[in-house]
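Source file: query.cif (mmCIF, N, CA and C atoms)
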data_my_file
loop_
_atom_site.label_atom_id
_atom_site.label_comp_id
_atom_site.auth_asym_id
_atom_site.auth_seq_id
_atom_site.Cartn_x
_atom_site.Cartn_y
_atom_site.Cartn_z
N MET A 1 1.38 -3.95 -51.70
CA MET A 1 2.77 -3.93 -52.04
C MET A 1 3.13 -2.68 -52.85
N SER A 2 2.21 -2.24 -53.71
CA SER A 2 2.44 -1.00 -54.45
C SER A 2 1.10 -0.44 -54.90
N GLU A 3 1.09 0.84 -55.20
CA GLU A 3 -0.11 1.51 -55.69
C GLU A 3 0.19 2.06 -57.08
N HIS A 4 -0.82 2.09 -57.93
CA HIS A 4 -0.65 2.58 -59.29
C HIS A 4 -1.78 3.56 -59.57
N LYS A 5 -1.42 4.83 -59.71
CA LYS A 5 -2.41 5.90 -59.80
C LYS A 5 -2.41 6.53 -61.17
N ILE A 6 -3.59 6.91 -61.62
CA ILE A 6 -3.73 7.72 -62.83
C ILE A 6 -4.72 8.83 -62.51
N THR A 7 -4.69 9.85 -63.35
CA THR A 7 -5.71 10.89 -63.27
C THR A 7 -6.44 10.89 -64.60
N LEU A 8 -7.75 10.96 -64.55
CA LEU A 8 -8.57 11.05 -65.75
C LEU A 8 -9.17 12.44 -65.79
N GLU A 9 -9.08 13.11 -66.94
CA GLU A 9 -9.62 14.46 -67.09
C GLU A 9 -10.62 14.48 -68.24
N TRP A 10 -11.83 14.96 -67.96
CA TRP A 10 -12.88 15.11 -68.98
C TRP A 10 -13.60 16.42 -68.73
N LYS A 11 -14.00 17.05 -69.82
CA LYS A 11 -14.74 18.30 -69.71
C LYS A 11 -15.76 18.34 -70.84
N ARG A 12 -16.97 18.74 -70.53
CA ARG A 12 -18.01 18.85 -71.55
C ARG A 12 -17.63 19.90 -72.56
N GLU A 13 -17.73 19.53 -73.84
CA GLU A 13 -17.39 20.46 -74.92
C GLU A 13 -18.56 20.71 -75.86
N THR A 14 -19.73 20.23 -75.46
CA THR A 14 -20.92 20.41 -76.29
C THR A 14 -21.92 21.29 -75.58
N GLU A 15 -22.75 21.95 -76.36
CA GLU A 15 -23.80 22.80 -75.79
C GLU A 15 -24.79 21.96 -74.98
N SER A 16 -25.26 20.88 -75.60
CA SER A 16 -26.23 20.03 -74.90
C SER A 16 -25.52 18.81 -74.33
N PHE A 17 -26.21 18.14 -73.43
CA PHE A 17 -25.65 16.93 -72.84
C PHE A 17 -26.68 15.82 -73.00
N SER A 18 -26.55 15.07 -74.09
CA SER A 18 -27.38 13.89 -74.32
C SER A 18 -26.47 12.78 -74.81
N TYR A 19 -26.98 11.56 -74.84
CA TYR A 19 -26.15 10.45 -75.28
C TYR A 19 -25.57 10.70 -76.67
N GLU A 20 -26.36 11.28 -77.53
CA GLU A 20 -25.93 11.54 -78.91
C GLU A 20 -24.90 12.66 -79.00
N SER A 21 -24.93 13.61 -78.06
CA SER A 21 -24.12 14.81 -78.25
C SER A 21 -22.87 14.93 -77.38
N TYR A 22 -22.84 14.33 -76.21
CA TYR A 22 -21.69 14.62 -75.34
C TYR A 22 -20.41 14.03 -75.93
N ASN A 23 -19.30 14.72 -75.71
CA ASN A 23 -18.00 14.28 -76.21
C ASN A 23 -17.45 13.16 -75.35
N ARG A 24 -16.83 12.23 -76.00
CA ARG A 24 -16.23 11.08 -75.32
C ARG A 24 -14.74 11.27 -75.06
N ASP A 25 -14.11 12.26 -75.70
CA ASP A 25 -12.67 12.45 -75.56
C ASP A 25 -12.32 12.85 -74.13
N HIS A 26 -11.25 12.27 -73.64
CA HIS A 26 -10.72 12.59 -72.32
C HIS A 26 -9.21 12.33 -72.34
N VAL A 27 -8.55 12.60 -71.24
CA VAL A 27 -7.11 12.41 -71.16
C VAL A 27 -6.80 11.56 -69.94
N LEU A 28 -5.91 10.59 -70.14
CA LEU A 28 -5.38 9.79 -69.04
C LEU A 28 -4.00 10.34 -68.71
N VAL A 29 -3.78 10.69 -67.45
CA VAL A 29 -2.50 11.25 -67.03
C VAL A 29 -1.87 10.26 -66.05
N PHE A 30 -0.68 9.79 -66.41
CA PHE A 30 0.01 8.80 -65.60
C PHE A 30 0.99 9.48 -64.66
N GLU A 31 1.42 8.76 -63.62
CA GLU A 31 2.26 9.34 -62.57
C GLU A 31 3.52 10.01 -63.10
N GLY A 32 4.10 9.49 -64.15
CA GLY A 32 5.32 10.06 -64.71
C GLY A 32 5.07 11.30 -65.56
N GLY A 33 3.79 11.69 -65.72
CA GLY A 33 3.46 12.87 -66.48
C GLY A 33 2.96 12.59 -67.89
N MET A 34 3.03 11.35 -68.35
CA MET A 34 2.57 11.02 -69.68
C MET A 34 1.07 11.26 -69.78
N ARG A 35 0.68 11.99 -70.82
CA ARG A 35 -0.73 12.30 -71.08
C ARG A 35 -1.15 11.52 -72.32
N VAL A 36 -2.18 10.71 -72.19
CA VAL A 36 -2.63 9.88 -73.30
C VAL A 36 -4.07 10.27 -73.66
N PRO A 37 -4.28 10.72 -74.90
CA PRO A 37 -5.65 11.02 -75.33
C PRO A 37 -6.46 9.74 -75.43
N ALA A 38 -7.63 9.76 -74.85
CA ALA A 38 -8.48 8.58 -74.82
C ALA A 38 -9.90 8.96 -75.23
N SER A 39 -10.68 7.96 -75.56
CA SER A 39 -12.06 8.17 -75.97
C SER A 39 -12.79 6.85 -75.85
N ALA A 40 -14.05 6.86 -76.23
CA ALA A 40 -14.79 5.61 -76.35
C ALA A 40 -14.37 4.93 -77.65
N ALA A 41 -14.69 3.67 -77.80
CA ALA A 41 -14.46 2.98 -79.06
C ALA A 41 -15.32 3.63 -80.14
N PRO A 42 -14.87 3.63 -81.38
CA PRO A 42 -15.64 4.25 -82.45
C PRO A 42 -17.09 3.74 -82.53
N ALA A 43 -17.31 2.49 -82.22
CA ALA A 43 -18.67 1.93 -82.26
C ALA A 43 -19.59 2.59 -81.23
N TYR A 44 -18.99 3.27 -80.25
CA TYR A 44 -19.76 3.93 -79.19
C TYR A 44 -19.55 5.44 -79.24
N ARG A 45 -19.44 5.96 -80.46
CA ARG A 45 -19.33 7.39 -80.72
C ARG A 45 -18.01 8.00 -80.27
N GLY A 46 -16.97 7.15 -80.20
CA GLY A 46 -15.67 7.64 -79.77
C GLY A 46 -14.80 8.08 -80.93
N ASN A 47 -13.70 8.68 -80.57
CA ASN A 47 -12.74 9.21 -81.52
C ASN A 47 -11.76 8.09 -81.90
N PRO A 48 -11.72 7.67 -83.16
CA PRO A 48 -10.83 6.57 -83.55
C PRO A 48 -9.35 6.92 -83.46
N ALA A 49 -9.01 8.20 -83.33
CA ALA A 49 -7.61 8.62 -83.23
C ALA A 49 -7.06 8.47 -81.80
N HIS A 50 -7.93 8.17 -80.84
CA HIS A 50 -7.50 8.03 -79.45
C HIS A 50 -7.65 6.58 -78.99
N VAL A 51 -6.93 6.22 -77.94
CA VAL A 51 -7.08 4.88 -77.37
C VAL A 51 -8.42 4.80 -76.65
N ASN A 52 -8.96 3.59 -76.58
CA ASN A 52 -10.21 3.40 -75.84
C ASN A 52 -9.99 2.37 -74.74
N PRO A 53 -10.90 2.27 -73.78
CA PRO A 53 -10.70 1.36 -72.65
C PRO A 53 -10.50 -0.09 -73.06
N GLU A 54 -11.20 -0.52 -74.11
CA GLU A 54 -11.05 -1.90 -74.55
C GLU A 54 -9.63 -2.15 -75.05
N GLU A 55 -9.12 -1.21 -75.85
CA GLU A 55 -7.74 -1.34 -76.35
C GLU A 55 -6.73 -1.30 -75.21
N THR A 56 -6.96 -0.44 -74.23
CA THR A 56 -5.98 -0.33 -73.15
C THR A 56 -5.95 -1.60 -72.29
N LEU A 57 -7.09 -2.28 -72.17
CA LEU A 57 -7.10 -3.56 -71.45
C LEU A 57 -6.29 -4.59 -72.21
N VAL A 58 -6.50 -4.67 -73.52
CA VAL A 58 -5.74 -5.62 -74.34
C VAL A 58 -4.26 -5.27 -74.28
N ALA A 59 -3.93 -3.98 -74.38
CA ALA A 59 -2.54 -3.54 -74.31
C ALA A 59 -1.91 -3.90 -72.96
N ALA A 60 -2.66 -3.72 -71.87
CA ALA A 60 -2.14 -4.04 -70.55
C ALA A 60 -1.84 -5.53 -70.42
N LEU A 61 -2.71 -6.37 -70.95
CA LEU A 61 -2.47 -7.82 -70.90
C LEU A 61 -1.26 -8.20 -71.75
N SER A 62 -1.16 -7.62 -72.93
CA SER A 62 -0.03 -7.91 -73.81
C SER A 62 1.29 -7.44 -73.19
N SER A 63 1.29 -6.22 -72.69
CA SER A 63 2.50 -5.66 -72.08
C SER A 63 2.93 -6.45 -70.86
N CYS A 64 1.99 -6.80 -70.02
CA CYS A 64 2.30 -7.55 -68.81
C CYS A 64 2.86 -8.93 -69.16
N HIS A 65 2.26 -9.59 -70.15
CA HIS A 65 2.77 -10.90 -70.55
C HIS A 65 4.21 -10.77 -71.04
N MET A 66 4.47 -9.75 -71.89
CA MET A 66 5.82 -9.56 -72.41
C MET A 66 6.82 -9.30 -71.28
N LEU A 67 6.48 -8.38 -70.39
CA LEU A 67 7.41 -8.05 -69.31
C LEU A 67 7.69 -9.25 -68.41
N THR A 68 6.66 -10.03 -68.14
CA THR A 68 6.84 -11.23 -67.33
C THR A 68 7.64 -12.28 -68.09
N PHE A 69 7.34 -12.42 -69.39
CA PHE A 69 8.09 -13.36 -70.24
C PHE A 69 9.58 -13.01 -70.24
N LEU A 70 9.90 -11.71 -70.41
CA LEU A 70 11.30 -11.29 -70.41
C LEU A 70 11.99 -11.62 -69.09
N ALA A 71 11.31 -11.41 -67.99
CA ALA A 71 11.88 -11.73 -66.68
C ALA A 71 12.13 -13.23 -66.54
N VAL A 72 11.15 -14.03 -66.94
CA VAL A 72 11.29 -15.49 -66.85
C VAL A 72 12.41 -15.96 -67.77
N ALA A 73 12.46 -15.45 -68.99
CA ALA A 73 13.50 -15.85 -69.94
C ALA A 73 14.89 -15.48 -69.42
N ALA A 74 15.02 -14.27 -68.88
CA ALA A 74 16.32 -13.84 -68.35
C ALA A 74 16.78 -14.73 -67.21
N LYS A 75 15.86 -15.11 -66.34
CA LYS A 75 16.21 -15.98 -65.22
C LYS A 75 16.62 -17.37 -65.70
N LYS A 76 16.12 -17.78 -66.85
CA LYS A 76 16.49 -19.09 -67.44
C LYS A 76 17.71 -18.96 -68.35
N ARG A 77 18.27 -17.75 -68.43
CA ARG A 77 19.46 -17.47 -69.21
C ARG A 77 19.25 -17.57 -70.73
N PHE A 78 18.02 -17.28 -71.17
CA PHE A 78 17.75 -17.15 -72.60
C PHE A 78 17.85 -15.66 -72.93
N VAL A 79 18.46 -15.35 -74.06
CA VAL A 79 18.62 -13.96 -74.49
C VAL A 79 17.53 -13.63 -75.50
N VAL A 80 16.70 -12.65 -75.18
CA VAL A 80 15.64 -12.22 -76.09
C VAL A 80 16.12 -10.97 -76.81
N ASP A 81 16.15 -11.04 -78.14
CA ASP A 81 16.57 -9.89 -78.94
C ASP A 81 15.39 -9.03 -79.37
N ARG A 82 14.27 -9.65 -79.61
CA ARG A 82 13.10 -8.91 -80.10
C ARG A 82 11.83 -9.64 -79.68
N TYR A 83 10.81 -8.85 -79.37
CA TYR A 83 9.50 -9.38 -78.97
C TYR A 83 8.45 -8.47 -79.57
N SER A 84 7.53 -9.03 -80.31
CA SER A 84 6.39 -8.24 -80.79
C SER A 84 5.12 -9.08 -80.60
N ASP A 85 4.01 -8.40 -80.50
CA ASP A 85 2.74 -9.09 -80.26
C ASP A 85 1.65 -8.38 -81.07
N HIS A 86 0.78 -9.15 -81.64
CA HIS A 86 -0.39 -8.63 -82.34
C HIS A 86 -1.61 -9.20 -81.62
N ALA A 87 -1.92 -8.60 -80.49
CA ALA A 87 -2.97 -9.10 -79.60
C ALA A 87 -4.35 -8.64 -80.08
N VAL A 88 -5.35 -9.46 -79.80
CA VAL A 88 -6.73 -9.14 -80.17
C VAL A 88 -7.63 -9.43 -78.98
N GLY A 89 -8.48 -8.46 -78.64
CA GLY A 89 -9.48 -8.65 -77.60
C GLY A 89 -10.85 -8.75 -78.23
N PHE A 90 -11.71 -9.57 -77.68
CA PHE A 90 -13.04 -9.79 -78.22
C PHE A 90 -14.10 -9.28 -77.26
N LEU A 91 -14.86 -8.28 -77.70
CA LEU A 91 -15.98 -7.74 -76.94
C LEU A 91 -17.19 -8.58 -77.28
N GLU A 92 -17.67 -9.31 -76.30
CA GLU A 92 -18.78 -10.24 -76.50
C GLU A 92 -19.64 -10.24 -75.23
N LYS A 93 -20.76 -10.92 -75.30
CA LYS A 93 -21.56 -11.09 -74.09
C LYS A 93 -20.94 -12.18 -73.23
N ASN A 94 -20.84 -11.87 -71.93
CA ASN A 94 -20.29 -12.85 -71.00
C ASN A 94 -21.39 -13.78 -70.50
N GLN A 95 -21.08 -14.61 -69.53
CA GLN A 95 -22.04 -15.58 -69.01
C GLN A 95 -23.26 -14.92 -68.37
N LYS A 96 -23.12 -13.67 -67.95
CA LYS A 96 -24.24 -12.94 -67.36
C LYS A 96 -25.01 -12.13 -68.40
N GLY A 97 -24.62 -12.26 -69.68
CA GLY A 97 -25.30 -11.52 -70.74
C GLY A 97 -24.85 -10.08 -70.88
N LYS A 98 -23.77 -9.71 -70.20
CA LYS A 98 -23.23 -8.35 -70.25
C LYS A 98 -22.08 -8.28 -71.24
N LEU A 99 -21.94 -7.13 -71.93
CA LEU A 99 -20.80 -6.96 -72.81
C LEU A 99 -19.52 -6.88 -71.99
N ALA A 100 -18.51 -7.61 -72.43
CA ALA A 100 -17.22 -7.66 -71.74
C ALA A 100 -16.14 -8.08 -72.72
N ILE A 101 -14.92 -7.75 -72.41
CA ILE A 101 -13.80 -8.33 -73.15
C ILE A 101 -13.67 -9.74 -72.55
N THR A 102 -14.30 -10.69 -73.20
CA THR A 102 -14.37 -12.04 -72.65
C THR A 102 -13.10 -12.84 -72.88
N ARG A 103 -12.38 -12.49 -73.96
CA ARG A 103 -11.16 -13.24 -74.24
C ARG A 103 -10.19 -12.35 -75.00
N VAL A 104 -8.92 -12.64 -74.78
CA VAL A 104 -7.84 -11.94 -75.46
C VAL A 104 -6.89 -13.00 -75.98
N VAL A 105 -6.50 -12.85 -77.24
CA VAL A 105 -5.51 -13.75 -77.84
C VAL A 105 -4.23 -12.96 -78.03
N LEU A 106 -3.16 -13.45 -77.42
CA LEU A 106 -1.84 -12.86 -77.59
C LEU A 106 -1.11 -13.67 -78.65
N ARG A 107 -0.45 -12.97 -79.56
CA ARG A 107 0.28 -13.65 -80.64
C ARG A 107 1.74 -13.16 -80.67
N PRO A 108 2.49 -13.49 -79.62
CA PRO A 108 3.87 -13.00 -79.55
C PRO A 108 4.77 -13.68 -80.59
N GLN A 109 5.66 -12.87 -81.14
CA GLN A 109 6.72 -13.36 -82.01
C GLN A 109 8.02 -12.94 -81.37
N ILE A 110 8.88 -13.91 -81.10
CA ILE A 110 10.08 -13.66 -80.31
C ILE A 110 11.30 -14.11 -81.10
N THR A 111 12.33 -13.27 -81.07
CA THR A 111 13.61 -13.63 -81.66
C THR A 111 14.61 -13.75 -80.51
N PHE A 112 15.24 -14.89 -80.43
CA PHE A 112 16.25 -15.14 -79.41
C PHE A 112 17.64 -14.99 -80.01
N GLY A 113 18.58 -14.62 -79.19
CA GLY A 113 19.98 -14.54 -79.60
C GLY A 113 20.83 -15.33 -78.63
N GLY A 114 22.12 -15.34 -78.88
CA GLY A 114 23.02 -16.04 -77.98
C GLY A 114 23.08 -17.52 -78.27
N PRO A 115 23.92 -18.22 -77.53
CA PRO A 115 24.14 -19.66 -77.80
C PRO A 115 23.05 -20.57 -77.23
N ASN A 116 22.28 -20.10 -76.28
CA ASN A 116 21.30 -20.95 -75.58
C ASN A 116 19.90 -20.64 -76.09
N LEU A 117 19.42 -21.37 -77.10
CA LEU A 117 18.09 -21.15 -77.65
C LEU A 117 17.10 -22.14 -77.04
N PRO A 118 15.88 -21.68 -76.70
CA PRO A 118 14.91 -22.59 -76.09
C PRO A 118 14.36 -23.60 -77.11
N THR A 119 14.09 -24.79 -76.63
CA THR A 119 13.40 -25.79 -77.44
C THR A 119 11.93 -25.38 -77.51
N PRO A 120 11.15 -25.95 -78.41
CA PRO A 120 9.71 -25.64 -78.44
C PRO A 120 9.03 -25.90 -77.09
N GLU A 121 9.45 -26.95 -76.41
CA GLU A 121 8.86 -27.26 -75.09
C GLU A 121 9.23 -26.19 -74.07
N GLN A 122 10.49 -25.75 -74.09
CA GLN A 122 10.93 -24.71 -73.16
C GLN A 122 10.23 -23.39 -73.46
N LEU A 123 10.03 -23.08 -74.74
CA LEU A 123 9.31 -21.86 -75.12
C LEU A 123 7.88 -21.90 -74.60
N ALA A 124 7.22 -23.04 -74.75
CA ALA A 124 5.86 -23.19 -74.23
C ALA A 124 5.84 -23.00 -72.71
N GLU A 125 6.84 -23.54 -72.02
CA GLU A 125 6.93 -23.38 -70.57
C GLU A 125 7.16 -21.92 -70.18
N LEU A 126 7.98 -21.21 -70.94
CA LEU A 126 8.21 -19.78 -70.67
C LEU A 126 6.89 -19.01 -70.77
N HIS A 127 6.10 -19.30 -71.80
CA HIS A 127 4.81 -18.62 -71.95
C HIS A 127 3.84 -19.01 -70.84
N GLU A 128 3.83 -20.27 -70.46
CA GLU A 128 2.94 -20.72 -69.37
C GLU A 128 3.29 -20.00 -68.07
N ARG A 129 4.57 -19.92 -67.76
CA ARG A 129 5.00 -19.22 -66.54
C ARG A 129 4.70 -17.74 -66.61
N ALA A 130 4.93 -17.14 -67.79
CA ALA A 130 4.66 -15.71 -67.96
C ALA A 130 3.18 -15.43 -67.73
N HIS A 131 2.33 -16.28 -68.28
CA HIS A 131 0.89 -16.08 -68.10
C HIS A 131 0.50 -16.28 -66.63
N ALA A 132 1.02 -17.31 -66.01
CA ALA A 132 0.68 -17.62 -64.61
C ALA A 132 1.13 -16.52 -63.66
N GLU A 133 2.21 -15.82 -64.00
CA GLU A 133 2.77 -14.81 -63.09
C GLU A 133 2.44 -13.37 -63.48
N CYS A 134 1.73 -13.16 -64.60
CA CYS A 134 1.39 -11.80 -65.04
C CYS A 134 0.37 -11.19 -64.07
N PHE A 135 0.71 -10.06 -63.49
CA PHE A 135 -0.17 -9.39 -62.52
C PHE A 135 -1.52 -9.04 -63.12
N VAL A 136 -1.52 -8.55 -64.35
CA VAL A 136 -2.77 -8.11 -64.97
C VAL A 136 -3.65 -9.31 -65.31
N ALA A 137 -3.07 -10.35 -65.88
CA ALA A 137 -3.86 -11.56 -66.20
C ALA A 137 -4.46 -12.15 -64.92
N ASN A 138 -3.74 -12.04 -63.82
CA ASN A 138 -4.25 -12.55 -62.54
C ASN A 138 -5.34 -11.66 -61.95
N SER A 139 -5.57 -10.50 -62.56
CA SER A 139 -6.54 -9.53 -62.04
C SER A 139 -7.86 -9.51 -62.78
N VAL A 140 -7.96 -10.22 -63.89
CA VAL A 140 -9.16 -10.15 -64.71
C VAL A 140 -9.78 -11.52 -64.91
N THR A 141 -11.06 -11.53 -65.26
CA THR A 141 -11.73 -12.80 -65.56
C THR A 141 -11.66 -13.14 -67.04
N THR A 142 -11.08 -12.24 -67.82
CA THR A 142 -10.93 -12.46 -69.26
C THR A 142 -10.06 -13.68 -69.51
N GLU A 143 -10.49 -14.52 -70.44
CA GLU A 143 -9.68 -15.67 -70.85
C GLU A 143 -8.54 -15.14 -71.71
N VAL A 144 -7.30 -15.50 -71.38
CA VAL A 144 -6.15 -15.07 -72.14
C VAL A 144 -5.48 -16.30 -72.74
N THR A 145 -5.35 -16.29 -74.06
CA THR A 145 -4.72 -17.40 -74.79
C THR A 145 -3.47 -16.88 -75.44
N VAL A 146 -2.41 -17.68 -75.39
CA VAL A 146 -1.15 -17.32 -76.03
C VAL A 146 -0.94 -18.23 -77.22
N GLU A 147 -0.79 -17.63 -78.39
CA GLU A 147 -0.54 -18.36 -79.63
C GLU A 147 0.76 -17.86 -80.23
N PRO A 148 1.91 -18.38 -79.75
CA PRO A 148 3.19 -17.89 -80.27
C PRO A 148 3.30 -18.08 -81.78
N GLY A 149 3.96 -17.11 -82.43
CA GLY A 149 4.15 -17.18 -83.88
C GLY A 149 5.49 -17.71 -84.25
#
Output the file's structure as structure tokens, nothing else.
Amino acid sequence: MSEHKITLEWKRETESFSYESYNRDHVLVFEGGMRVPASAAPAYRGNPAHVNPEETLVAALSSCHMLTFLAVAAKKRFVVDRYSDHAVGFLEKNQKGKLAITRVVLRPQITFGGPNLPTPEQLAELHERAHAECFVANSVTTEVTVEPG
């Protein structure tokens, strides 16, 4: 139905090339031209000033949930004024004993406006539908939990 392309650019910046010495910094270039500095996680000799793959996975899940939530809420005629999330991904060993982002906890905080405010049950249903219809959540084996604030 659609394709989503990025370009990744990396170049050796060290004299030697060993696990201890090679640079982890690289750039992610998106179709619209946005260039995002990226690296490994600091625990893996990465640059803490740049995004890392683990963070970008958590960000993609959070962003997708929000965008799907907004679409579902709009179709139900709820007005969302503000949405923020403090998501956390957990790097742990999976069932195969491999390191993976095994679970992500989304903690959205939503402010509604207008005369039609959702009940707690309707809010839970909005999150359930958003999770069920999120393209990214449907693409990963990571357990995603939503804990609204």
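Taken over the shown file, the PyMOL selection byres ((chain A and resi 110) around 5) identifies Arg82, Tyr83, Pro108, Gln109, Thr111 and Phe112 of chain A.
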Atom CA of Val88 of chain A to atom CA of His127 of chain A measures 17.0 Å
Problem set entry | segment 37-51 of chain A environment, 10 Å, only C-alpha atoms, sequence neighbours closer than 6 positions dropped, as a VMD selection string | chain A and resid 8 to 10 19 to 29
Running the PyMOL selection byres ((chain A and resi 131) around 8) on this model by hand, what would come out? Give it as a short mmCIF file (atom, residue, chain, number, x, y, z; two decimals) with N, CA and C atoms, keeping the file's coordinate frame.
data_model
loop_
_atom_site.label_atom_id
_atom_site.label_comp_id
_atom_site.auth_asym_id
_atom_site.auth_seq_id
_atom_site.Cartn_x
_atom_site.Cartn_y
_atom_site.Cartn_z
N CYS A 64 1.99 -6.80 -70.02
CA CYS A 64 2.30 -7.55 -68.81
C CYS A 64 2.86 -8.93 -69.16
N HIS A 65 2.26 -9.59 -70.15
CA HIS A 65 2.77 -10.90 -70.55
C HIS A 65 4.21 -10.77 -71.04
N MET A 66 4.47 -9.75 -71.89
CA MET A 66 5.82 -9.56 -72.41
C MET A 66 6.82 -9.30 -71.28
N THR A 68 6.66 -10.03 -68.14
CA THR A 68 6.84 -11.23 -67.33
C THR A 68 7.64 -12.28 -68.09
N PHE A 69 7.34 -12.42 -69.39
CA PHE A 69 8.09 -13.36 -70.24
C PHE A 69 9.58 -13.01 -70.24
N GLU A 125 6.84 -23.54 -72.02
CA GLU A 125 6.93 -23.38 -70.57
C GLU A 125 7.16 -21.92 -70.18
N LEU A 126 7.98 -21.21 -70.94
CA LEU A 126 8.21 -19.78 -70.67
C LEU A 126 6.89 -19.01 -70.77
N HIS A 127 6.10 -19.30 -71.80
CA HIS A 127 4.81 -18.62 -71.95
C HIS A 127 3.84 -19.01 -70.84
N GLU A 128 3.83 -20.27 -70.46
CA GLU A 128 2.94 -20.72 -69.37
C GLU A 128 3.29 -20.00 -68.07
N ARG A 129 4.57 -19.92 -67.76
CA ARG A 129 5.00 -19.22 -66.54
C ARG A 129 4.70 -17.74 -66.61
N ALA A 130 4.93 -17.14 -67.79
CA ALA A 130 4.66 -15.71 -67.96
C ALA A 130 3.18 -15.43 -67.73
N ALA A 132 1.02 -17.31 -66.01
CA ALA A 132 0.68 -17.62 -64.61
C ALA A 132 1.13 -16.52 -63.66
N GLU A 133 2.21 -15.82 -64.00
CA GLU A 133 2.77 -14.81 -63.09
C GLU A 133 2.44 -13.37 -63.48
N CYS A 134 1.73 -13.16 -64.60
CA CYS A 134 1.39 -11.80 -65.04
C CYS A 134 0.37 -11.19 -64.07
N PHE A 135 0.71 -10.06 -63.49
CA PHE A 135 -0.17 -9.39 -62.52
C PHE A 135 -1.52 -9.04 -63.12
N ALA A 137 -3.07 -10.35 -65.88
CA ALA A 137 -3.86 -11.56 -66.20
C ALA A 137 -4.46 -12.15 -64.92
N ASN A 138 -3.74 -12.04 -63.82
CA ASN A 138 -4.25 -12.55 -62.54
C ASN A 138 -5.34 -11.66 -61.95
N VAL A 144 -7.30 -15.50 -71.38
CA VAL A 144 -6.15 -15.07 -72.14
C VAL A 144 -5.48 -16.30 -72.74
#
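Atom pair atom C of Glu147 of chain A / atom N of Leu99 of chain A has a distance of 26.4 Å (rounded to one decimal).
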| message | Just want the 8 Å neighbourhood of Ser62 of chain A, counted on all atoms listed in the file, with same-chain residues fewer than 4 positions away dropped. Output as a VMD selection string. | response | chain A and resid 56 to 58 66 to 68 85 to 87 105 to 107 137
As lines of an AutoDock Vina configuration file, what would the box around segment 64-79 of chain A look like: edges along x, y and z, 3 Å added on every side, centre and edge lengths in Å to one decimal?
center_x = 10.7
center_y = -12.9
center_z = -70.4
size_x = 23.5
size_y = 18.3
size_z = 16.3
What separates atom N of Ile6 of chain A and atom C of Met34 of chain A is a distance of 10.4 Å
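Distances from A:Val79, A:Ser63, A:Thr141, A:Gly89 to Pro118 of chain A were compared using all atoms listed in the file, and the smallest one belongs to A:Val79.
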| Hey, can you pull every residue with an atom no more than 6 Å from (-11.9, -12.0, -73.4), using all atoms listed in the file, and send it as JSON, numbers by chain? | {"A": [89, 90, 100, 101, 102, 103, 104, 142, 143]}
Q: Please report, as a PyMOL selection string, each residue of chain A to which DSSP assigns strand (DSSP E) when run on this structure's backbone.
A: chain A and resi 6-9+26-30+35-38+79-85+88-93+99-106+108-113+143-146
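Closest approach to Glu31 of chain A from the set A:Ala124, A:Arg12, A:Pro53, A:Thr7 is made by A:Thr7, with distances taken over all atoms listed in the file.
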Kindly add N, CA, C and O atoms to the incomplete segment 32-41 of chain A and provide the output as a short mmCIF file (atom, residue, chain, number, x, y, z; two decimals), keeping the file's coordinate frame.
data_model
loop_
_atom_site.label_atom_id
_atom_site.label_comp_id
_atom_site.auth_asym_id
_atom_site.auth_seq_id
_atom_site.Cartn_x
_atom_site.Cartn_y
_atom_site.Cartn_z
N GLY A 32 4.10 9.49 -64.15
CA GLY A 32 5.32 10.06 -64.71
C GLY A 32 5.07 11.30 -65.56
O GLY A 32 6.00 11.90 -66.07
N GLY A 33 3.79 11.69 -65.72
CA GLY A 33 3.46 12.87 -66.48
C GLY A 33 2.96 12.59 -67.89
O GLY A 33 2.51 13.51 -68.58
N MET A 34 3.03 11.35 -68.35
CA MET A 34 2.57 11.02 -69.68
C MET A 34 1.07 11.26 -69.78
O MET A 34 0.30 10.83 -68.93
N ARG A 35 0.68 11.99 -70.82
CA ARG A 35 -0.73 12.30 -71.08
C ARG A 35 -1.15 11.52 -72.32
O ARG A 35 -0.53 11.67 -73.37
N VAL A 36 -2.18 10.71 -72.19
CA VAL A 36 -2.63 9.88 -73.30
C VAL A 36 -4.07 10.27 -73.66
O VAL A 36 -4.97 10.15 -72.82
N PRO A 37 -4.28 10.72 -74.90
CA PRO A 37 -5.65 11.02 -75.33
C PRO A 37 -6.46 9.74 -75.43
O PRO A 37 -6.01 8.76 -76.01
N ALA A 38 -7.63 9.76 -74.85
CA ALA A 38 -8.48 8.58 -74.82
C ALA A 38 -9.90 8.96 -75.23
O ALA A 38 -10.27 10.15 -75.23
N SER A 39 -10.68 7.96 -75.56
CA SER A 39 -12.06 8.17 -75.97
C SER A 39 -12.79 6.85 -75.85
O SER A 39 -12.20 5.84 -75.46
N ALA A 40 -14.05 6.86 -76.23
CA ALA A 40 -14.79 5.61 -76.35
C ALA A 40 -14.37 4.93 -77.65
O ALA A 40 -13.77 5.56 -78.53
N ALA A 41 -14.69 3.67 -77.80
CA ALA A 41 -14.46 2.98 -79.06
C ALA A 41 -15.32 3.63 -80.14
O ALA A 41 -16.40 4.17 -79.84
#
